[in-house]
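Coordinates from query36.cif are shown below (mmCIF, C-alpha atoms and all ligand atoms).
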```
data_my_file
loop_
_atom_site.label_atom_id
_atom_site.label_comp_id
_atom_site.auth_asym_id
_atom_site.auth_seq_id
_atom_site.Cartn_x
_atom_site.Cartn_y
_atom_site.Cartn_z
CA MET A 260 -8.36 -17.28 -15.78
CA GLY A 261 -7.87 -13.84 -17.40
CA LYS A 262 -4.95 -11.47 -17.00
CA ILE A 263 -4.58 -9.12 -14.05
CA LEU A 264 -3.54 -5.51 -14.78
CA VAL A 265 -1.45 -4.09 -11.93
CA THR A 266 -1.17 -0.29 -11.99
CA GLY A 267 1.83 0.91 -9.98
CA GLY A 268 3.19 -2.65 -10.10
CA ALA A 269 6.83 -1.49 -9.93
CA GLY A 270 6.29 0.13 -6.53
CA PHE A 271 6.84 -1.19 -2.99
CA ILE A 272 3.51 -2.97 -2.41
CA GLY A 273 2.85 -3.43 -6.14
CA SER A 274 6.07 -5.36 -6.77
CA HIS A 275 5.48 -7.67 -3.79
CA THR A 276 1.92 -8.31 -5.04
CA CYS A 277 3.18 -9.05 -8.58
CA VAL A 278 5.55 -11.67 -7.12
CA GLU A 279 2.68 -13.40 -5.30
CA LEU A 280 0.41 -13.22 -8.39
CA LEU A 281 3.09 -14.76 -10.65
CA ASP A 282 3.96 -17.43 -8.07
CA ALA A 283 0.23 -18.29 -7.89
CA GLY A 284 0.12 -18.79 -11.67
CA TYR A 285 -1.63 -15.58 -12.73
CA GLU A 286 -0.69 -13.85 -15.99
CA ILE A 287 -0.11 -10.15 -15.24
CA VAL A 288 0.37 -6.86 -17.08
CA ILE A 289 2.14 -4.04 -15.24
CA LEU A 290 1.57 -0.34 -15.89
CA ASP A 291 3.80 2.17 -14.11
CA ASN A 292 5.21 5.67 -14.78
CA PHE A 293 8.20 5.23 -12.42
CA SER A 294 7.24 8.40 -10.51
CA ASN A 295 8.03 6.58 -7.23
CA SER A 296 9.73 3.36 -8.42
CA LYS A 297 12.56 2.15 -10.65
CA PRO A 298 12.83 -0.16 -13.70
CA GLU A 299 15.18 -2.41 -11.67
CA SER A 300 12.16 -3.42 -9.61
CA LEU A 301 10.78 -5.21 -12.70
CA ASN A 302 14.03 -7.16 -13.17
CA ARG A 303 13.90 -8.22 -9.52
CA ILE A 304 10.30 -9.50 -9.92
CA LYS A 305 11.46 -11.62 -12.86
CA LYS A 306 14.51 -12.85 -10.92
CA ILE A 307 12.44 -13.91 -7.89
CA THR A 308 9.68 -15.66 -9.87
CA GLY A 309 11.51 -16.80 -12.99
CA LYS A 310 8.45 -15.54 -14.90
CA ASP A 311 7.93 -12.81 -17.50
CA PHE A 312 5.13 -10.32 -18.02
CA LYS A 313 4.14 -7.42 -20.26
CA PHE A 314 5.07 -3.95 -19.03
CA TYR A 315 3.80 -0.52 -20.14
CA GLU A 316 5.51 2.68 -19.02
CA ALA A 317 2.47 4.93 -18.94
CA ASP A 318 0.68 7.53 -16.87
CA LEU A 319 -2.98 6.92 -16.01
CA LEU A 320 -3.68 10.55 -16.99
CA ASP A 321 -2.99 9.56 -20.61
CA LEU A 322 -6.33 7.91 -21.47
CA ASP A 323 -5.21 6.95 -24.99
CA LYS A 324 -2.28 4.97 -23.53
CA VAL A 325 -4.48 3.34 -20.89
CA ASN A 326 -7.01 2.33 -23.56
CA ALA A 327 -4.16 0.93 -25.66
CA VAL A 328 -3.15 -1.37 -22.80
CA PHE A 329 -6.67 -2.82 -22.72
CA ASP A 330 -6.87 -2.95 -26.54
CA GLU A 331 -3.64 -4.97 -26.65
CA ASN A 332 -4.72 -7.19 -23.74
CA PRO A 333 -8.44 -7.89 -24.27
CA ASP A 334 -8.21 -10.75 -21.74
CA ILE A 335 -7.61 -8.41 -18.77
CA GLU A 336 -10.22 -9.64 -16.30
CA ALA A 337 -9.38 -7.62 -13.17
CA VAL A 338 -7.30 -4.64 -12.11
CA ILE A 339 -5.29 -4.08 -8.94
CA HIS A 340 -4.92 -0.31 -8.69
CA PHE A 341 -1.84 0.85 -6.74
CA ALA A 342 -0.73 3.79 -8.90
CA GLY A 343 -0.94 7.08 -6.99
CA LEU A 344 1.05 9.66 -5.06
CA LYS A 345 1.21 8.77 -1.37
CA ALA A 346 3.35 11.14 0.70
CA VAL A 347 1.15 12.72 3.39
CA GLY A 348 3.32 15.81 3.97
CA GLU A 349 3.87 16.40 0.25
CA SER A 350 0.11 16.25 -0.33
CA VAL A 351 -0.38 19.16 2.10
CA ARG A 352 2.16 21.21 0.11
CA MET A 353 0.84 20.11 -3.34
CA PRO A 354 -2.92 19.42 -3.07
CA VAL A 355 -3.71 20.20 -6.72
CA GLU A 356 -1.13 17.71 -8.01
CA TYR A 357 -2.39 15.04 -5.57
CA TYR A 358 -6.07 15.47 -6.47
CA HIS A 359 -5.33 15.59 -10.19
CA ASN A 360 -2.93 12.66 -10.23
CA ASN A 361 -4.84 10.34 -7.90
CA ILE A 362 -8.47 11.22 -8.68
CA THR A 363 -8.30 12.01 -12.42
CA GLY A 364 -5.90 9.10 -12.92
CA THR A 365 -8.40 6.74 -11.30
CA LEU A 366 -11.28 8.18 -13.36
CA MET A 367 -9.29 7.54 -16.56
CA LEU A 368 -8.66 3.96 -15.43
CA ILE A 369 -12.36 3.41 -14.65
CA LYS A 370 -13.35 4.80 -18.08
CA ALA A 371 -10.95 2.43 -19.83
CA MET A 372 -12.17 -0.52 -17.73
CA ARG A 373 -15.81 0.30 -18.54
CA GLU A 374 -14.98 0.69 -22.22
CA HIS A 375 -13.42 -2.77 -22.26
CA ASN A 376 -15.95 -4.46 -19.98
CA ALA A 377 -13.32 -5.18 -17.31
CA LYS A 378 -15.35 -4.37 -14.21
CA LYS A 379 -13.43 -6.01 -11.35
CA ILE A 380 -11.12 -3.83 -9.31
CA VAL A 381 -9.04 -4.17 -6.13
CA PHE A 382 -8.21 -0.67 -4.89
CA SER A 383 -5.24 0.26 -2.71
CA SER A 384 -6.94 2.30 0.00
CA SER A 385 -5.59 3.20 3.43
CA ALA A 386 -6.41 3.27 7.14
CA THR A 387 -6.00 7.02 6.86
CA VAL A 388 -9.67 7.13 5.69
CA TYR A 389 -10.69 6.50 9.34
CA GLY A 390 -9.59 10.06 10.10
CA LEU A 391 -9.49 11.56 13.59
CA ASP A 392 -13.02 10.85 14.87
CA ASN A 393 -13.08 7.05 15.07
CA GLU A 394 -11.99 4.94 18.05
CA VAL A 395 -9.51 2.07 17.63
CA PRO A 396 -9.71 -0.75 16.66
CA TYR A 397 -10.98 0.52 13.33
CA VAL A 398 -13.92 -1.37 11.77
CA GLU A 399 -15.01 -1.13 8.13
CA THR A 400 -18.52 0.05 9.09
CA MET A 401 -17.15 3.25 10.69
CA PRO A 402 -17.72 6.62 8.96
CA THR A 403 -14.83 7.59 6.72
CA HIS A 404 -15.46 11.04 5.37
CA THR A 405 -12.82 13.02 7.19
CA SER A 406 -9.08 12.96 6.81
CA THR A 407 -6.17 15.07 7.96
CA ASN A 408 -4.55 15.66 4.58
CA PRO A 409 -5.19 15.78 0.80
CA TYR A 410 -3.57 12.35 0.31
CA GLY A 411 -6.05 10.84 2.77
CA TYR A 412 -8.93 12.67 1.09
CA THR A 413 -7.95 11.18 -2.30
CA LYS A 414 -8.47 7.74 -0.74
CA VAL A 415 -11.82 8.80 0.77
CA MET A 416 -12.96 10.25 -2.57
CA ILE A 417 -11.83 7.28 -4.68
CA GLU A 418 -13.70 4.91 -2.34
CA GLN A 419 -16.78 7.11 -2.87
CA ILE A 420 -16.28 7.13 -6.66
CA LEU A 421 -16.03 3.33 -6.78
CA ASN A 422 -19.16 3.00 -4.63
CA ASP A 423 -21.02 5.33 -7.03
CA VAL A 424 -19.74 3.40 -10.07
CA TYR A 425 -21.21 0.21 -8.60
CA VAL A 426 -24.55 1.95 -7.89
CA SER A 427 -24.63 3.06 -11.55
CA ASP A 428 -23.79 -0.42 -12.82
CA ASN A 429 -24.23 -3.48 -10.60
CA ASP A 430 -21.99 -5.49 -12.90
CA TRP A 431 -18.95 -4.09 -11.06
CA SER A 432 -17.06 -5.86 -8.32
CA VAL A 433 -14.93 -3.68 -6.02
CA ALA A 434 -12.64 -4.48 -3.08
CA LEU A 435 -11.41 -1.43 -1.15
CA LEU A 436 -8.37 -2.67 0.76
CA ARG A 437 -7.54 -0.39 3.71
CA TYR A 438 -3.85 -0.90 4.49
CA PHE A 439 -2.49 -0.14 7.91
CA ASN A 440 1.30 0.30 8.03
CA PRO A 441 3.03 -1.94 5.48
CA ILE A 442 6.72 -2.64 6.28
CA GLY A 443 9.38 -5.31 5.72
CA ALA A 444 10.49 -6.93 2.46
CA HIS A 445 10.44 -10.15 0.44
CA LYS A 446 12.60 -12.85 2.05
CA SER A 447 14.90 -12.90 -0.99
CA GLY A 448 16.13 -9.40 -0.06
CA LEU A 449 15.72 -8.47 -3.75
CA ILE A 450 12.71 -6.17 -3.36
CA GLY A 451 11.71 -3.88 -0.52
CA GLU A 452 10.82 -0.31 0.39
CA ASP A 453 13.01 2.03 -1.65
CA PRO A 454 11.72 5.61 -1.18
CA ASN A 455 13.20 8.55 -3.07
CA GLY A 456 15.11 10.97 -0.81
CA ILE A 457 14.77 11.17 2.99
CA PRO A 458 12.02 8.72 4.05
CA ASN A 459 8.82 10.19 5.48
CA ASN A 460 7.80 6.88 7.06
CA LEU A 461 9.25 5.34 10.22
CA PHE A 462 10.44 1.98 8.94
CA PRO A 463 12.57 3.03 5.93
CA TYR A 464 14.00 5.83 8.09
CA ILE A 465 15.12 3.34 10.76
CA ALA A 466 16.56 1.11 7.99
CA GLN A 467 18.67 4.02 6.69
CA VAL A 468 19.96 4.70 10.23
CA ALA A 469 20.90 1.01 10.47
CA VAL A 470 22.87 1.08 7.19
CA GLY A 471 24.57 4.32 8.28
CA LYS A 472 22.97 6.63 5.71
CA LEU A 473 21.21 8.68 8.44
CA PRO A 474 22.72 9.54 11.86
CA ALA A 475 19.75 8.95 14.19
CA LEU A 476 16.00 8.45 14.25
CA GLY A 477 13.88 11.46 15.24
CA VAL A 478 11.00 10.17 17.40
CA PHE A 479 8.04 12.47 16.76
CA GLY A 480 6.80 12.93 20.31
CA ASN A 481 6.88 10.72 23.42
CA ASP A 482 4.00 12.36 25.27
CA TYR A 483 1.09 10.52 23.64
CA ASP A 484 -1.38 8.56 25.75
CA THR A 485 0.29 5.23 24.89
CA PRO A 486 2.34 2.70 26.94
CA ASP A 487 5.71 4.37 26.21
CA GLY A 488 4.40 7.73 25.03
CA THR A 489 5.26 7.16 21.36
CA GLY A 490 2.76 6.62 18.53
CA VAL A 491 1.19 3.17 18.13
CA ARG A 492 0.47 1.70 14.68
CA ASP A 493 -0.63 -1.61 13.17
CA TYR A 494 2.46 -2.68 11.21
CA ILE A 495 1.85 -5.42 8.66
CA HIS A 496 4.44 -7.43 6.70
CA VAL A 497 4.31 -6.37 3.03
CA VAL A 498 4.21 -10.06 2.00
CA ASP A 499 1.13 -10.61 4.19
CA LEU A 500 -0.37 -7.57 2.51
CA ALA A 501 0.50 -8.92 -0.95
CA LYS A 502 -1.15 -12.25 -0.16
CA GLY A 503 -4.23 -10.34 0.95
CA HIS A 504 -4.45 -8.91 -2.58
CA LEU A 505 -4.45 -12.42 -4.05
CA CYS A 506 -7.40 -13.31 -1.84
CA ALA A 507 -9.14 -10.08 -2.87
CA VAL A 508 -8.61 -10.80 -6.59
CA LYS A 509 -10.23 -14.21 -6.13
CA TYR A 510 -13.08 -12.54 -4.24
CA VAL A 511 -13.85 -9.93 -6.93
CA MET A 512 -13.70 -12.66 -9.61
CA GLU A 513 -16.48 -14.55 -7.80
CA ASN A 514 -18.65 -11.72 -6.46
CA LYS A 515 -20.32 -8.43 -7.44
CA GLY A 516 -20.69 -5.38 -5.19
CA VAL A 517 -18.38 -3.21 -3.05
CA GLU A 518 -16.55 -4.38 0.08
CA ALA A 519 -14.19 -2.27 2.23
CA ILE A 520 -11.71 -4.57 3.98
CA ASN A 521 -9.03 -3.81 6.58
CA LEU A 522 -5.66 -5.41 5.95
CA GLY A 523 -3.91 -5.21 9.31
CA THR A 524 -2.71 -7.53 12.07
CA GLY A 525 -5.03 -6.17 14.78
CA LYS A 526 -1.95 -5.56 16.97
CA GLY A 527 -0.31 -2.21 17.78
CA SER A 528 3.42 -1.48 18.11
CA SER A 529 4.94 1.79 19.31
CA VAL A 530 7.74 3.69 17.60
CA LEU A 531 10.18 2.42 20.24
CA ASP A 532 8.85 -1.16 19.90
CA VAL A 533 9.75 -1.02 16.19
CA LEU A 534 13.13 0.58 16.86
CA HIS A 535 14.08 -2.09 19.41
CA ALA A 536 12.83 -4.90 17.14
CA PHE A 537 15.01 -3.51 14.36
CA GLU A 538 18.01 -3.33 16.75
CA LYS A 539 17.48 -7.03 17.47
CA ALA A 540 17.34 -7.76 13.72
CA CYS A 541 20.49 -5.81 12.81
CA GLY A 542 22.42 -6.61 16.00
CA LYS A 543 23.35 -3.02 16.84
CA GLU A 544 22.04 -0.15 18.95
CA LEU A 545 20.31 2.52 16.85
CA PRO A 546 20.53 6.14 18.08
CA TYR A 547 17.38 8.22 18.43
CA VAL A 548 16.36 11.65 19.66
CA ILE A 549 12.95 12.74 20.90
CA LYS A 550 11.52 15.52 18.68
CA PRO A 551 8.26 17.50 18.79
CA ARG A 552 5.07 15.79 17.59
CA ARG A 553 4.48 15.77 13.81
CA ALA A 554 1.41 17.73 12.64
CA GLY A 555 -1.51 15.43 11.77
CA ASP A 556 -0.22 12.43 13.72
CA ILE A 557 -2.57 10.47 16.00
CA ALA A 558 -1.66 8.42 19.07
CA TRP A 559 -3.29 5.10 18.10
CA SER A 560 -4.15 3.34 14.86
CA TYR A 561 -4.81 -0.38 14.52
CA ALA A 562 -7.29 -2.65 12.75
CA LYS A 563 -10.07 -4.99 13.66
CA PRO A 564 -9.09 -7.61 11.05
CA ASP A 565 -12.11 -9.92 11.44
CA LYS A 566 -13.82 -9.10 8.13
CA ALA A 567 -10.75 -10.08 6.06
CA LYS A 568 -10.68 -13.44 7.83
CA LYS A 569 -14.40 -13.98 7.27
CA LEU A 570 -14.69 -12.72 3.69
CA LEU A 571 -11.26 -13.54 2.24
CA ASN A 572 -10.11 -16.29 4.60
CA TRP A 573 -6.98 -14.14 5.05
CA GLU A 574 -5.06 -13.16 8.17
CA ALA A 575 -1.57 -11.79 8.73
CA GLN A 576 1.04 -14.47 9.51
CA TYR A 577 4.18 -12.48 10.35
CA GLY A 578 5.06 -10.56 13.52
CA ILE A 579 7.17 -7.43 14.07
CA ASP A 580 10.39 -9.43 14.50
CA GLU A 581 10.09 -11.02 11.05
CA MET A 582 9.10 -7.68 9.50
CA CYS A 583 12.32 -6.19 10.90
CA ALA A 584 14.50 -9.19 9.99
CA ASP A 585 13.26 -9.11 6.38
CA GLY A 586 13.46 -5.31 6.21
CA TRP A 587 17.05 -5.39 7.51
CA ASN A 588 17.97 -8.14 5.01
CA PHE A 589 16.76 -5.94 2.12
CA ALA A 590 18.42 -2.78 3.50
CA LYS A 591 21.82 -4.39 4.03
CA ASN A 592 21.74 -5.97 0.56
CA ASN A 593 20.60 -2.73 -1.07
CA PRO A 594 22.14 0.11 1.02
CA ASN A 595 21.58 2.54 -1.87
CA GLY A 596 18.17 1.17 -2.88
CA LEU A 597 17.46 -0.64 -6.13
C1 LIG A 601 4.42 5.87 12.00
C2 LIG A 601 4.76 6.34 13.42
C3 LIG A 601 5.07 8.71 13.59
C4 LIG A 601 8.69 8.85 11.08
C5 LIG A 601 1.36 7.08 6.93
C6 LIG A 601 0.13 7.34 6.09
C7 LIG A 601 -0.49 6.04 5.69
C8 LIG A 601 0.53 5.18 5.00
C9 LIG A 601 1.68 4.92 5.97
C10 LIG A 601 0.59 5.51 2.63
C11 LIG A 601 4.03 7.61 13.81
C12 LIG A 601 6.36 7.98 13.88
C13 LIG A 601 7.56 8.44 11.77
C14 LIG A 601 9.82 9.33 11.80
C15 LIG A 601 8.63 8.95 13.86
N1 LIG A 601 1.02 5.83 3.84
N2 LIG A 601 7.54 8.49 13.14
N3 LIG A 601 9.74 9.37 13.17
O1 LIG A 601 1.92 8.28 9.65
O2 LIG A 601 1.18 6.00 10.58
O3 LIG A 601 0.97 6.46 8.14
O4 LIG A 601 2.25 6.22 6.26
O5 LIG A 601 -0.23 4.69 2.30
O6 LIG A 601 -1.57 6.31 4.82
O7 LIG A 601 -0.80 8.06 6.89
O8 LIG A 601 3.22 6.17 9.13
O9 LIG A 601 5.60 5.59 9.26
O10 LIG A 601 4.97 8.01 8.86
O11 LIG A 601 4.60 6.98 11.11
O12 LIG A 601 8.59 9.00 15.10
O13 LIG A 601 10.87 9.73 11.23
O14 LIG A 601 6.16 6.64 13.48
O15 LIG A 601 4.88 9.80 14.49
O16 LIG A 601 3.71 7.53 15.20
P1 LIG A 601 1.79 6.81 9.48
P2 LIG A 601 4.67 6.71 9.52
#
```
Could you show the structure in this file as structure tokens?
Amino acid sequence: MGKILVTGGAGFIGSHTCVELLDAGYEIVILDNFSNSKPESLNRIKKITGKDFKFYEADLLDLDKVNAVFDENPDIEAVIHFAGLKAVGESVRMPVEYYHNNITGTLMLIKAMREHNAKKIVFSSSATVYGLDNEVPYVETMPTHTSTNPYGYTKVMIEQILNDVYVSDNDWSVALLRYFNPIGAHKSGLIGEDPNGIPNNLFPYIAQVAVGKLPALGVFGNDYDTPDGTGVRDYIHVVDLAKGHLCAVKYVMENKGVEAINLGTGKGSSVLDVLHAFEKACGKELPYVIKPRRAGDIAWSYAKPDKAKKLLNWEAQYGIDEMCADGWNFAKNNPNGL
């Protein structure tokens, strides 16, 4: 069994996936530029697993460095590609940086993989590719060529690029994993979501209210056509998501072709559902205020998760209560992040 290169392996989902890969006996190489992660994350992966791995601090835009990683590790058999900028609002303000970093970075990675005959890739895509025109529950066969922001369009475009790479060379094997809303943390409380600055996403924002770093949650609108008027999303435990990547690595090792696969629970939870579940986890009432809707938000988003079960024999195990209990455990043990 060859090595797995994990780009962005020091990040939130990357680090949880590296833990599962090491625990499953894989040998891994991590490449990260720490643009949205910290070196401490690598120490925590080692502490949880008791295993070591090679690490390269590098940017995918530096093709010479990316080639060097493959030159020094000729037994890299597959790549899990997490590295990329991912803040929706920031991408609207900085489209050029998002397209350059995410698209060009991926093209450099593909060039290096082709050069070294490593043609198996698991790509970190997102439910955001379903855009505004599809009805929930989202199914992989739905059209995915519209988005509401440059970040979402980088995912749409990279999926297209990987499809075209396969058409040009059928020796490739590609899994496009469409994440819904990953939240929670590893049960050890040693790794978890650790965003820089004020969190854009709901869950880390609630966690910072719970530890007292932020005064109250702003609920972006309560007049949506949903049970309690607040936005509904398919929240998935980050460890479930990480295990889904293990199944996808096995799949690309044994198959050729391109498969888009939803990684979600198939269940929706509202903003207030998550807030109340977190209150139960932390044992205190969390203040919130209703604010105007956020531009680009939709009322509903949740997965039809059948294909992952059929193709990967994978399905989410954890519910919202465990996601909040594990997320609270990480937040209270790391009130200032890693
Ligand atoms: C969830 C719900 C908000 C913050 C985005 C990206 C997606 C992925 C996950 C990267 C919505 C509400 C949020 C807050 C709130 N990112 N909310 N107050 O927008 O579903 O998905 O992040 O891969 O690609 O699109 O996630 O957590 O930002 O919002 O009321 O302070 O919480 O309106 O209903 P989203 P989110």
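Between Tyr464 of chain A and the candidates A:Thr489, A:Tyr285, A:Ile450, A:Trp587, the tightest atom-to-atom separation, counting only C-alpha atoms, involves A:Trp587.
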Find the residues near Gly456 of chain A: any atom within 12 Å, counting all atoms listed in the file, skip ones fewer than 3 places away on the same chain, and give them as a list in words.
-> Asn295, Ala346, Asp453, Asn459, Asn460, Pro463, Tyr464, Gln467, Lys472, Leu473, Asn595 and Gly596 of chain A
Next, the residues of the selection above should be written as a PDB file, in the coordinates of the input with C-alpha atoms.
```
ATOM      1  CA  ASN A 295       8.030   6.580  -7.230  1.00  0.00           C
ATOM      2  CA  ALA A 346       3.350  11.140   0.700  1.00  0.00           C
ATOM      3  CA  ASP A 453      13.010   2.030  -1.650  1.00  0.00           C
ATOM      4  CA  ASN A 459       8.820  10.190   5.480  1.00  0.00           C
ATOM      5  CA  ASN A 460       7.800   6.880   7.060  1.00  0.00           C
ATOM      6  CA  PRO A 463      12.570   3.030   5.930  1.00  0.00           C
ATOM      7  CA  TYR A 464      14.000   5.830   8.090  1.00  0.00           C
ATOM      8  CA  GLN A 467      18.670   4.020   6.690  1.00  0.00           C
ATOM      9  CA  LYS A 472      22.970   6.630   5.710  1.00  0.00           C
ATOM     10  CA  LEU A 473      21.210   8.680   8.440  1.00  0.00           C
ATOM     11  CA  ASN A 595      21.580   2.540  -1.870  1.00  0.00           C
ATOM     12  CA  GLY A 596      18.170   1.170  -2.880  1.00  0.00           C
TER      13      GLY A 596
END
```
Pick the closest to Asp318 of chain A from A:Ile549, A:Val338, A:Leu368, A:Met582: which is it, counting only C-alpha atoms?
-> A:Leu368
Just the residues within 10 Å of Trp431 of chain A, please, counting all atoms listed in the file, with nothing from its chain fewer than 4 positions along; format it as a compact mmCIF listing (two decimals) with C-alpha atoms, in the frame of the given file.
```
# COMPACT_ATOMS: atom_id res chain seq x y z
CA ARG A 373 -15.81 0.30 -18.54
CA ASN A 376 -15.95 -4.46 -19.98
CA ALA A 377 -13.32 -5.18 -17.31
CA LYS A 378 -15.35 -4.37 -14.21
CA LYS A 379 -13.43 -6.01 -11.35
CA ILE A 380 -11.12 -3.83 -9.31
CA LEU A 421 -16.03 3.33 -6.78
CA ASN A 422 -19.16 3.00 -4.63
CA VAL A 424 -19.74 3.40 -10.07
CA TYR A 425 -21.21 0.21 -8.60
CA VAL A 426 -24.55 1.95 -7.89
CA SER A 427 -24.63 3.06 -11.55
CA VAL A 511 -13.85 -9.93 -6.93
CA ASN A 514 -18.65 -11.72 -6.46
CA LYS A 515 -20.32 -8.43 -7.44
CA GLY A 516 -20.69 -5.38 -5.19
CA VAL A 517 -18.38 -3.21 -3.05
```
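Picture a line from atom CA of Asp493 of chain A to atom O5 of ligand LIG 601 (chain A); it runs 12.6 Å.
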Would you kindly identify which residues have an atom no farther than 10 Å from (-9.6, 0.8, 4.4), using only C-alpha atoms and the file's own coordinates, and write them out as a ChimeraX atom specification?
-> /A:382-389,397-399,403,414-415,418,434-439,518-523,562
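Proximity to ligand LIG 601 (chain A) was assessed for A:Lys345, A:Lys568, A:His375, A:Lys310 counting all atoms listed in the file; the smallest distance is recorded for A:Lys345.
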Please provide as an MDAnalysis selection string all residues within 9 Å of segment 263-276 of chain A, with the sequence filter that same-chain residues fewer than 4 positions apart are discarded (counting all atoms listed in the file).
-> chainID A and resid 280:281 285:293 295:301 303:304 319 329 334:343 441 444:445 450:454 497:498 500:505 508
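Using only C-alpha atoms, the shortest contact distance between Gly525 of chain A and any of A:Val351, A:Ala567, A:Leu344, A:Leu545 is found at A:Ala567.
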Can you sort out segment 370-376 of chain A so it carries all heavy atoms, written as a PDB file, in the frame of the given file?
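Okay, this is what ended up in result-v8.pdb:
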```
ATOM      1  N   LYS A 370     -12.787   4.618 -16.712  1.00  0.00           N
ATOM      2  CA  LYS A 370     -13.350   4.800 -18.080  1.00  0.00           C
ATOM      3  C   LYS A 370     -12.835   3.699 -19.014  1.00  0.00           C
ATOM      4  O   LYS A 370     -13.612   3.079 -19.752  1.00  0.00           O
ATOM      5  CB  LYS A 370     -12.935   6.170 -18.635  1.00  0.00           C
ATOM      6  CG  LYS A 370     -13.791   7.324 -18.170  1.00  0.00           C
ATOM      7  CD  LYS A 370     -13.361   8.598 -18.895  1.00  0.00           C
ATOM      8  CE  LYS A 370     -14.359   9.740 -18.658  1.00  0.00           C
ATOM      9  NZ  LYS A 370     -13.978  10.949 -19.436  1.00  0.00           N
ATOM     10  N   ALA A 371     -11.540   3.446 -18.940  1.00  0.00           N
ATOM     11  CA  ALA A 371     -10.950   2.430 -19.830  1.00  0.00           C
ATOM     12  C   ALA A 371     -11.490   1.043 -19.459  1.00  0.00           C
ATOM     13  O   ALA A 371     -11.813   0.229 -20.338  1.00  0.00           O
ATOM     14  CB  ALA A 371      -9.435   2.468 -19.716  1.00  0.00           C
ATOM     15  N   MET A 372     -11.638   0.783 -18.161  1.00  0.00           N
ATOM     16  CA  MET A 372     -12.170  -0.520 -17.730  1.00  0.00           C
ATOM     17  C   MET A 372     -13.599  -0.699 -18.224  1.00  0.00           C
ATOM     18  O   MET A 372     -13.972  -1.740 -18.768  1.00  0.00           O
ATOM     19  CB  MET A 372     -12.135  -0.606 -16.201  1.00  0.00           C
ATOM     20  CG  MET A 372     -10.753  -0.718 -15.604  1.00  0.00           C
ATOM     21  SD  MET A 372     -10.779  -0.628 -13.787  1.00  0.00           S
ATOM     22  CE  MET A 372     -11.542  -2.205 -13.381  1.00  0.00           C
ATOM     23  N   ARG A 373     -14.399   0.366 -18.094  1.00  0.00           N
ATOM     24  CA  ARG A 373     -15.810   0.300 -18.540  1.00  0.00           C
ATOM     25  C   ARG A 373     -15.880   0.068 -20.035  1.00  0.00           C
ATOM     26  O   ARG A 373     -16.648  -0.763 -20.528  1.00  0.00           O
ATOM     27  CB  ARG A 373     -16.502   1.612 -18.144  1.00  0.00           C
ATOM     28  CG  ARG A 373     -17.971   1.671 -18.383  1.00  0.00           C
ATOM     29  CD  ARG A 373     -18.538   3.002 -17.922  1.00  0.00           C
ATOM     30  NE  ARG A 373     -17.932   4.135 -18.633  1.00  0.00           N
ATOM     31  CZ  ARG A 373     -18.196   5.416 -18.327  1.00  0.00           C
ATOM     32  NH1 ARG A 373     -19.025   5.698 -17.308  1.00  0.00           N
ATOM     33  NH2 ARG A 373     -17.644   6.398 -19.006  1.00  0.00           N
ATOM     34  N   GLU A 374     -15.032   0.776 -20.745  1.00  0.00           N
ATOM     35  CA  GLU A 374     -14.980   0.690 -22.220  1.00  0.00           C
ATOM     36  C   GLU A 374     -14.667  -0.737 -22.676  1.00  0.00           C
ATOM     37  O   GLU A 374     -15.134  -1.192 -23.717  1.00  0.00           O
ATOM     38  CB  GLU A 374     -13.861   1.650 -22.692  1.00  0.00           C
ATOM     39  CG  GLU A 374     -13.689   1.782 -24.171  1.00  0.00           C
ATOM     40  CD  GLU A 374     -14.808   2.592 -24.826  1.00  0.00           C
ATOM     41  OE1 GLU A 374     -15.437   3.409 -24.116  1.00  0.00           O
ATOM     42  OE2 GLU A 374     -15.065   2.368 -26.018  1.00  0.00           O
ATOM     43  N   HIS A 375     -13.874  -1.417 -21.870  1.00  0.00           N
ATOM     44  CA  HIS A 375     -13.420  -2.770 -22.260  1.00  0.00           C
ATOM     45  C   HIS A 375     -14.089  -3.868 -21.437  1.00  0.00           C
ATOM     46  O   HIS A 375     -13.614  -5.002 -21.381  1.00  0.00           O
ATOM     47  CB  HIS A 375     -11.895  -2.844 -22.136  1.00  0.00           C
ATOM     48  CG  HIS A 375     -11.192  -1.935 -23.104  1.00  0.00           C
ATOM     49  ND1 HIS A 375     -10.988  -0.587 -22.826  1.00  0.00           N
ATOM     50  CD2 HIS A 375     -10.701  -2.140 -24.351  1.00  0.00           C
ATOM     51  CE1 HIS A 375     -10.384  -0.019 -23.859  1.00  0.00           C
ATOM     52  NE2 HIS A 375     -10.188  -0.938 -24.800  1.00  0.00           N
ATOM     53  N   ASN A 376     -15.170  -3.486 -20.741  1.00  0.00           N
ATOM     54  CA  ASN A 376     -15.950  -4.460 -19.980  1.00  0.00           C
ATOM     55  C   ASN A 376     -15.100  -5.265 -18.980  1.00  0.00           C
ATOM     56  O   ASN A 376     -15.308  -6.463 -18.774  1.00  0.00           O
ATOM     57  CB  ASN A 376     -16.687  -5.422 -20.922  1.00  0.00           C
ATOM     58  CG  ASN A 376     -17.853  -6.098 -20.185  1.00  0.00           C
ATOM     59  OD1 ASN A 376     -18.470  -5.489 -19.302  1.00  0.00           O
ATOM     60  ND2 ASN A 376     -18.100  -7.360 -20.511  1.00  0.00           N
TER      61      ASN A 376
END
```
